[in-house]
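Presented below is the structure to which this report refers.
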Amino acid sequence: MPISPNQGSSGGGTIVTITGTNLGGATAVRFGSKTATITANTPTSVTVISPSGSGAVPVTVTTPGGTSNPLQFFYVGAPFKSSLFPVTGVTAGGNTVTINGTGLSTATSVSFGGVTATPTVVNDGQLTVTVPPGAAPGPVSVSVTTAGGTNNGFSYTYVDPPTVASLNPNSGPASGGTVVTITGTNLSTTQSVVFGATSAPFTVINDTSVSVVSPPTPDGAPGPSTVTVTTSGGVATADYTYLAGPGI
């Protein structure tokens, strides 16, 4: 007489179907000492809503003909989430997020603002999930659903890709040290600014402006250099020119 599913939330409310023979006219289905609510009954099956409980309990079906042999049902506690990383990503989705916590081994879905994705369970304390596309940039709530229930409490922020409209100034001495203002969009999550292959110190002013100090060229030679701005939403580039110093 199989029972499906054989596990559910400790808070109750799991729809459970028990199949077997001579089950028609069931008068009671008990999970341990508690009685479940019968919602459907045929000669070969009984569907119930599980009561609350904990641990492993015997499940029995009582009909006018007697009480069945017991089957085990396992109560699972609600999941607990301790961390989510990274907490931002492109609005198009596709990046991988790691969620740590407890009670995650039975995770069946992760919701990002109501859009669900199927996770990969690493162990009871960790899972990974590919972020689905977002409807728009901005924060959304993240919830994990397991056999034990659903747990909320985290936020994930969708970020549009950056753009760079201008560098001011767009040139400076090969020795570096020029303060350059980068103007564009979606720059508030800037993670790095690189001139050619050299990282430069920067300060985020707001979502449309970043201030950066140009580094010297590696060999001291003048010429063009690509400035690469990397944010949580992606990468944008612009051209900068290193100028030769005067000679007499």
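Please note that chains go A, B, ... in the order of the structure tokens, that every chain numbers its residues from 1, and that ligands are numbered from 1 in the order shown.
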
Counting only C-alpha atoms, which residues of range 30-130 of chain A sit at most 12 Å from some atom of range 184-198 of chain A, and what is each one's closest atom pair with its distance in Å to one decimal, listed by chain and rising residue number, as a Markdown table?
```
| residue | atom | partner | partner_atom | distance |
| --- | --- | --- | --- | --- |
| A:Val87 | CA | A:Thr189 | CA | 11.4 |
| A:Thr88 | CA | A:Thr189 | CA | 9.0 |
| A:Gly89 | CA | A:Thr189 | CA | 10.0 |
| A:Val90 | CA | A:Asn186 | CA | 11.0 |
| A:Thr91 | CA | A:Asn186 | CA | 11.8 |
```

Need the shell around range 31-36 of chain A: protein/DNA/RNA residues with any atom at most 9 Å away, counting only C-alpha atoms. Skip same-chain ones fewer than 4 positions apart. Format as a PyMOL selection string?
chain A and resi 48-53+56-60+72-73

Once you have the residues from the selection above, write them out as a PDB file, in the first residue's frame, restricted to N, CA, C and O atoms.
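Contents of part_29.pdb, freshly written:
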```pdb
ATOM      1  N   VAL A  48      -5.595  12.416   1.287  1.00  0.00           N
ATOM      2  CA  VAL A  48      -5.816  13.151   2.535  1.00  0.00           C
ATOM      3  C   VAL A  48      -4.928  14.384   2.579  1.00  0.00           C
ATOM      4  O   VAL A  48      -3.984  14.536   1.786  1.00  0.00           O
ATOM      5  N   ILE A  49      -5.239  15.266   3.525  1.00  0.00           N
ATOM      6  CA  ILE A  49      -4.371  16.393   3.850  1.00  0.00           C
ATOM      7  C   ILE A  49      -3.720  16.081   5.184  1.00  0.00           C
ATOM      8  O   ILE A  49      -4.407  15.876   6.191  1.00  0.00           O
ATOM      9  N   SER A  50      -2.391  16.015   5.195  1.00  0.00           N
ATOM     10  CA  SER A  50      -1.686  15.597   6.408  1.00  0.00           C
ATOM     11  C   SER A  50      -1.865  16.602   7.532  1.00  0.00           C
ATOM     12  O   SER A  50      -1.894  17.817   7.299  1.00  0.00           O
ATOM     13  N   PRO A  51      -1.978  16.110   8.771  1.00  0.00           N
ATOM     14  CA  PRO A  51      -1.971  17.010   9.925  1.00  0.00           C
ATOM     15  C   PRO A  51      -0.540  17.421  10.250  1.00  0.00           C
ATOM     16  O   PRO A  51       0.411  16.918   9.638  1.00  0.00           O
ATOM     17  N   SER A  52      -0.361  18.300  11.208  1.00  0.00           N
ATOM     18  CA  SER A  52       0.979  18.691  11.633  1.00  0.00           C
ATOM     19  C   SER A  52       1.626  17.553  12.408  1.00  0.00           C
ATOM     20  O   SER A  52       0.950  16.645  12.903  1.00  0.00           O
ATOM     21  N   GLY A  53       2.942  17.586  12.480  1.00  0.00           N
ATOM     22  CA  GLY A  53       3.632  16.537  13.218  1.00  0.00           C
ATOM     23  C   GLY A  53       5.127  16.719  13.142  1.00  0.00           C
ATOM     24  O   GLY A  53       5.630  17.730  12.636  1.00  0.00           O
ATOM     25  N   ALA A  56       9.239  10.704  12.182  1.00  0.00           N
ATOM     26  CA  ALA A  56       8.601   9.660  11.382  1.00  0.00           C
ATOM     27  C   ALA A  56       7.402   9.112  12.141  1.00  0.00           C
ATOM     28  O   ALA A  56       7.496   8.808  13.341  1.00  0.00           O
ATOM     29  N   VAL A  57       6.254   9.006  11.458  1.00  0.00           N
ATOM     30  CA  VAL A  57       5.036   8.520  12.106  1.00  0.00           C
ATOM     31  C   VAL A  57       4.403   7.418  11.253  1.00  0.00           C
ATOM     32  O   VAL A  57       4.557   7.404  10.031  1.00  0.00           O
ATOM     33  N   PRO A  58       3.683   6.468  11.899  1.00  0.00           N
ATOM     34  CA  PRO A  58       2.963   5.446  11.133  1.00  0.00           C
ATOM     35  C   PRO A  58       1.659   6.007  10.587  1.00  0.00           C
ATOM     36  O   PRO A  58       0.981   6.787  11.255  1.00  0.00           O
ATOM     37  N   VAL A  59       1.334   5.632   9.355  1.00  0.00           N
ATOM     38  CA  VAL A  59       0.078   6.050   8.734  1.00  0.00           C
ATOM     39  C   VAL A  59      -0.791   4.810   8.524  1.00  0.00           C
ATOM     40  O   VAL A  59      -0.338   3.816   7.945  1.00  0.00           O
ATOM     41  N   THR A  60      -2.019   4.865   9.006  1.00  0.00           N
ATOM     42  CA  THR A  60      -2.947   3.744   8.850  1.00  0.00           C
ATOM     43  C   THR A  60      -4.261   4.227   8.266  1.00  0.00           C
ATOM     44  O   THR A  60      -4.655   5.388   8.455  1.00  0.00           O
ATOM     45  N   GLN A  72       5.193   4.395   6.809  1.00  0.00           N
ATOM     46  CA  GLN A  72       5.864   5.521   7.440  1.00  0.00           C
ATOM     47  C   GLN A  72       5.744   6.799   6.614  1.00  0.00           C
ATOM     48  O   GLN A  72       5.833   6.784   5.389  1.00  0.00           O
ATOM     49  N   PHE A  73       5.541   7.892   7.334  1.00  0.00           N
ATOM     50  CA  PHE A  73       5.530   9.232   6.751  1.00  0.00           C
ATOM     51  C   PHE A  73       6.525  10.059   7.545  1.00  0.00           C
ATOM     52  O   PHE A  73       6.561  10.004   8.776  1.00  0.00           O
TER      53      PHE A  73
END
```

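Using only C-alpha atoms, the smallest distance between any of A:Val210, A:Ala221, A:Val110, A:Ala78 and Ser143 in chain A comes from A:Val110.
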
With only C-alpha atoms as the basis for distance, which of A:Ser68, A:Thr130, A:Thr241, A:Thr108 is at the shortest distance from Thr96 in chain A?
A:Thr130

Long-range neighbours of range 123-125 of chain A as a ChimeraX atom specification, 9 Å cut-off, only C-alpha atoms, 2 positions minimum in chain
/A:81,99-106,121,127

Which residue, A:Gly223, A:Gly233, A:Pro201, A:Pro161, has the smallest gap to Pro86 in chain A when you use only C-alpha atoms?
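So, comparing all the options, the nearest one is A:Gly233.
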
Pro2 in chain A: which residues within 10 Å, counting only C-alpha atoms, same-chain residues fewer than 5 positions away excluded, as a list in words?
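The residues satisfying every condition are Thr17, Ile18, Thr19, Gly20, Ser45, Leu71 and Gln72 of chain A.
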
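The shortest atom-to-atom distance to Gly176 in chain A, with only C-alpha atoms taken into account, belongs to A:Ala200 out of A:Val229, A:Leu23, A:Ala200, A:Val46.
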
Looking only at the backbone, which of the residues in range 15-247 of chain A does DSSP tag as strand (DSSP E or B), as a ChimeraX atom specification?
/A:15-19,28-31,34-35,37-42,45-49,56-63,66-67,71-76,80-85,88-90,96-102,109-112,115-117,120-123,126-130,138-146,149-159,163-168,171-173,179-185,192-195,198-200,202-206,209-213,223-231,234-243
